[in-house]
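First up is the structure itself, then whatever we jot down about it.
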Amino acid sequence: MHIILISNNLKKPRTLTLTGVHLVLLAGGGVLASVLFAMGLNYLSLRYADKIDSPSLRSLVSSVQQEEHKKNQSYLRDSLNAMAVRMGQMQAQLLRLDSVGARLAELSGIKPQEFRFNQNPGQGGTVSTLPSEDMSFAEFNSKIQELSLALDDRSDKLGALDSLLMQDRLKKKMLPSVMPVNTKWYSSGFGVRIDPFTGRRIFHEGVDFSAATGTPIVAAAGGVVVYSDFHPEYGNMVDVDHGNDFVSRYAHASKRLVRLGQVVVRGQKIAEVGSTGRSTGPHLHFEVRHKGSPQNPSRFLKMPG
Ligand SMILES: [Zn+2]
């Protein structure tokens, strides 16, 4: 290829002869220059992105950056939303566990001020052995999953324990365990004794509490009144059915204060001490029967101090 250069400075036109080698070198140089230019522009745009004066160039650079930022933001937001939902579920589980725990603590008789289930136990002492480096989202997520499974497991176990204890407590609550009269001890015990009327050995099917006439008689447990009438031997008598085949009997009363079929609560006043029926003086004859057969009431009654 021939290139003829004409200039005022040149006395005569000059002729340049370009061979294939020249062309290749020229093309290579061009490519290199454009690559270097692009790199330089890129460097400058990154280095001085915030100082670029050209509004169009700046908006181009910032739009690329914003796109990138948006992508990261939306990934973060999605992850955070997913974790927030998980956290919410775990918080709900924890609340449930707290209430179960509080009930169990109450059932077990632990003083509430000694054992607050919904408060973190006092911590201190050893430094945590957990790795302290930052966790990735995936690691964090799997840790949350583990924790959630553990919470599920504990709430199942505590729930089962709770219902067992509740049933047990309900049964105990239905047992005649409240002292029917406010007195220290009974005057005549359960079992074989000499009948005060005949002088013969007979089986005494309950216990006698001596107390003044008019002393309140209370239900030893909650239940339904299944007998409230005058009985030729027992005098004014009240029977209370507590369920589970348990019935308590209160005899020789001066006054009956409940009707047949009436529901009474534990400790409710149902009669007053007297000496009606086959009795030698004011006292309460108290019986506990299971499936009709007399039980020793002292097995159930909580004797005061
Ligand atoms: Zn008696």
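A note on labels: chains of the structure tokens are A, B, ... as shown, every chain counts residues from 1, and ligands are counted from 1 in their shown order.
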
* Contacts of region 145-162 of chain A within 9 Å, only C-alpha atoms, excl. fewer than 5 positions in-chain, as a list of chain:residue names ->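 What passes the distance filter is A:Arg86, A:Met87, A:Gln89, A:Met90, A:Gln93, A:Leu94, A:Arg96, A:Leu97, A:Val100, A:Gly101, A:Arg103, A:Leu104, A:Leu107, A:Phe140, A:Gln167.
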
* Asked: Do you know which residues are within 6 Å of ligand 1 using only C-alpha atoms and all ligand atoms? Can you write them as a PyMOL selection string?
  -> chain A and resi 206-208+285

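CA of Gly222 (chain A) sits 4.0 Å away from CA of Val265 (chain A).
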
* 6 Å contact set for Gly274 (chain A), only C-alpha atoms, chain neighbours under 3 positions out, as an MDAnalysis selection string -> chainID A and resid 213 252:254 282

Just the selected residues (all heavy atoms), exported as a short mmCIF file (atom, residue, chain, number, x, y, z; two decimals), in the first residue's frame, please.
data_model
loop_
_atom_site.label_atom_id
_atom_site.label_comp_id
_atom_site.auth_asym_id
_atom_site.auth_seq_id
_atom_site.Cartn_x
_atom_site.Cartn_y
_atom_site.Cartn_z
N THR A 213 -71.99 -28.41 119.35
CA THR A 213 -73.14 -28.32 118.45
C THR A 213 -73.10 -26.98 117.70
O THR A 213 -72.80 -25.95 118.31
CB THR A 213 -74.45 -28.42 119.25
OG1 THR A 213 -74.46 -29.69 119.93
CG2 THR A 213 -75.69 -28.33 118.36
N HIS A 252 -74.93 -37.38 112.06
CA HIS A 252 -75.33 -36.86 113.38
C HIS A 252 -75.43 -35.33 113.43
O HIS A 252 -75.35 -34.73 114.51
CB HIS A 252 -74.38 -37.35 114.50
CG HIS A 252 -74.18 -38.83 114.51
ND1 HIS A 252 -75.20 -39.74 114.57
CD2 HIS A 252 -73.03 -39.57 114.44
CE1 HIS A 252 -74.71 -40.98 114.55
NE2 HIS A 252 -73.38 -40.90 114.47
N ALA A 253 -75.56 -34.69 112.25
CA ALA A 253 -75.58 -33.23 112.21
C ALA A 253 -76.83 -32.66 112.88
O ALA A 253 -77.89 -33.31 112.92
CB ALA A 253 -75.53 -32.75 110.76
N SER A 254 -76.72 -31.42 113.41
CA SER A 254 -77.89 -30.75 113.96
C SER A 254 -78.68 -30.10 112.83
O SER A 254 -79.88 -29.93 112.91
CB SER A 254 -77.47 -29.71 115.00
OG SER A 254 -76.60 -28.75 114.41
N PRO A 282 -72.64 -34.42 121.07
CA PRO A 282 -72.33 -33.72 119.81
C PRO A 282 -70.98 -34.12 119.23
O PRO A 282 -69.96 -33.98 119.89
CB PRO A 282 -72.36 -32.24 120.20
CG PRO A 282 -72.20 -32.21 121.67
CD PRO A 282 -72.77 -33.49 122.21
#

* To do: Enumerate as a PyMOL selection string all residues of region 82-304 of chain A assigned to strand (DSSP E) by DSSP on the backbone, naming them with the chain letters and numbers the document uses.
  => chain A and resi 191-194+201-204+207-210+216-218+223-231+235-243+246-253+255-256+263-264+269-272+283-290+293-295

* With a distance cut-off of 8 Å and only C-alpha atoms, select the neighbouring residues of Thr215 (chain A), excluding the residue or stretch itself and same-chain residues fewer than 5 positions from it, and output the selection as number ranges by chain. => A: 181, 272-273

* Asked: region 293-304 of chain A: which residues within 12 Å, counting only C-alpha atoms, same-chain residues fewer than 3 positions away excluded, as an MDAnalysis selection string?
  -> chainID A and resid 172:186 188:192 203:209 219:221 245:250 285:290

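For Ser228 (chain A), the list of residues within 10 Å, based on only C-alpha atoms and with local chain neighbours fewer than 6 positions off taken out, reads Asn236, Met237, Val238, Asp239, Val240, Arg249, Tyr250, Ala251, Arg256, Leu257, Val258, Arg259, Leu260, Gly261, Gln262, Ile270 and Ala271 of chain A.
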
* To do: Would you please give, as a PyMOL selection string, all residues of region 98-276 of chain A that DSSP assigns to helix (DSSP H, G or I) based on the backbone?
  => chain A and resi 98-108+137-173

Expected file contents, prior selection, C-alpha atoms, as a PDB file, in the first residue's frame:
ATOM      1  CA  ASP A  98     -43.137 -20.567  79.232  1.00  0.00           C
ATOM      2  CA  SER A  99     -46.785 -21.043  80.094  1.00  0.00           C
ATOM      3  CA  VAL A 100     -46.413 -24.835  80.279  1.00  0.00           C
ATOM      4  CA  GLY A 101     -43.317 -24.397  82.416  1.00  0.00           C
ATOM      5  CA  ALA A 102     -45.062 -21.979  84.745  1.00  0.00           C
ATOM      6  CA  ARG A 103     -47.927 -24.444  85.179  1.00  0.00           C
ATOM      7  CA  LEU A 104     -45.530 -27.320  85.828  1.00  0.00           C
ATOM      8  CA  ALA A 105     -43.643 -25.206  88.358  1.00  0.00           C
ATOM      9  CA  GLU A 106     -46.940 -24.451  90.084  1.00  0.00           C
ATOM     10  CA  LEU A 107     -47.965 -28.118  90.056  1.00  0.00           C
ATOM     11  CA  SER A 108     -44.623 -29.207  91.441  1.00  0.00           C
ATOM     12  CA  PHE A 137     -26.946 -16.955  55.924  1.00  0.00           C
ATOM     13  CA  ALA A 138     -27.085 -20.668  55.159  1.00  0.00           C
ATOM     14  CA  GLU A 139     -25.378 -21.548  58.433  1.00  0.00           C
ATOM     15  CA  PHE A 140     -27.580 -19.178  60.359  1.00  0.00           C
ATOM     16  CA  ASN A 141     -30.681 -20.607  58.733  1.00  0.00           C
ATOM     17  CA  SER A 142     -29.713 -24.176  59.558  1.00  0.00           C
ATOM     18  CA  LYS A 143     -28.989 -23.173  63.166  1.00  0.00           C
ATOM     19  CA  ILE A 144     -32.447 -21.623  63.422  1.00  0.00           C
ATOM     20  CA  GLN A 145     -33.943 -24.786  61.955  1.00  0.00           C
ATOM     21  CA  GLU A 146     -32.111 -26.906  64.555  1.00  0.00           C
ATOM     22  CA  LEU A 147     -33.286 -24.664  67.363  1.00  0.00           C
ATOM     23  CA  SER A 148     -36.842 -24.788  66.111  1.00  0.00           C
ATOM     24  CA  LEU A 149     -36.809 -28.592  66.020  1.00  0.00           C
ATOM     25  CA  ALA A 150     -35.430 -28.678  69.565  1.00  0.00           C
ATOM     26  CA  LEU A 151     -38.186 -26.314  70.699  1.00  0.00           C
ATOM     27  CA  ASP A 152     -40.823 -28.540  69.086  1.00  0.00           C
ATOM     28  CA  ASP A 153     -39.415 -31.574  70.860  1.00  0.00           C
ATOM     29  CA  ARG A 154     -39.357 -29.884  74.278  1.00  0.00           C
ATOM     30  CA  SER A 155     -42.855 -28.491  73.951  1.00  0.00           C
ATOM     31  CA  ASP A 156     -44.173 -31.962  73.073  1.00  0.00           C
ATOM     32  CA  LYS A 157     -42.493 -33.512  76.101  1.00  0.00           C
ATOM     33  CA  LEU A 158     -43.483 -30.747  78.493  1.00  0.00           C
ATOM     34  CA  GLY A 159     -47.039 -30.836  77.162  1.00  0.00           C
ATOM     35  CA  ALA A 160     -47.321 -34.557  77.830  1.00  0.00           C
ATOM     36  CA  LEU A 161     -45.922 -34.107  81.336  1.00  0.00           C
ATOM     37  CA  ASP A 162     -48.306 -31.229  81.953  1.00  0.00           C
ATOM     38  CA  SER A 163     -51.408 -33.208  81.037  1.00  0.00           C
ATOM     39  CA  LEU A 164     -50.260 -36.169  83.155  1.00  0.00           C
ATOM     40  CA  LEU A 165     -49.696 -33.952  86.187  1.00  0.00           C
ATOM     41  CA  MET A 166     -52.980 -32.143  85.558  1.00  0.00           C
ATOM     42  CA  GLN A 167     -54.923 -35.418  85.559  1.00  0.00           C
ATOM     43  CA  ASP A 168     -53.129 -36.484  88.726  1.00  0.00           C
ATOM     44  CA  ARG A 169     -53.891 -33.190  90.416  1.00  0.00           C
ATOM     45  CA  LEU A 170     -57.540 -33.314  89.377  1.00  0.00           C
ATOM     46  CA  LYS A 171     -57.829 -36.806  90.849  1.00  0.00           C
ATOM     47  CA  LYS A 172     -56.165 -35.646  94.060  1.00  0.00           C
ATOM     48  CA  LYS A 173     -58.434 -32.604  94.188  1.00  0.00           C
TER      49      LYS A 173
END

* **For CA of Leu46 (chain A) and CA of Leu60 (chain A), the interatomic separation in Å (one decimal)** =>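 CA of Leu60 (chain A) lies at a distance of 11.9 Å from CA of Leu46 (chain A).
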
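Straight-line separation from CA of Glu67 (chain A) to CA of Arg47 (chain A): 18.7 Å.
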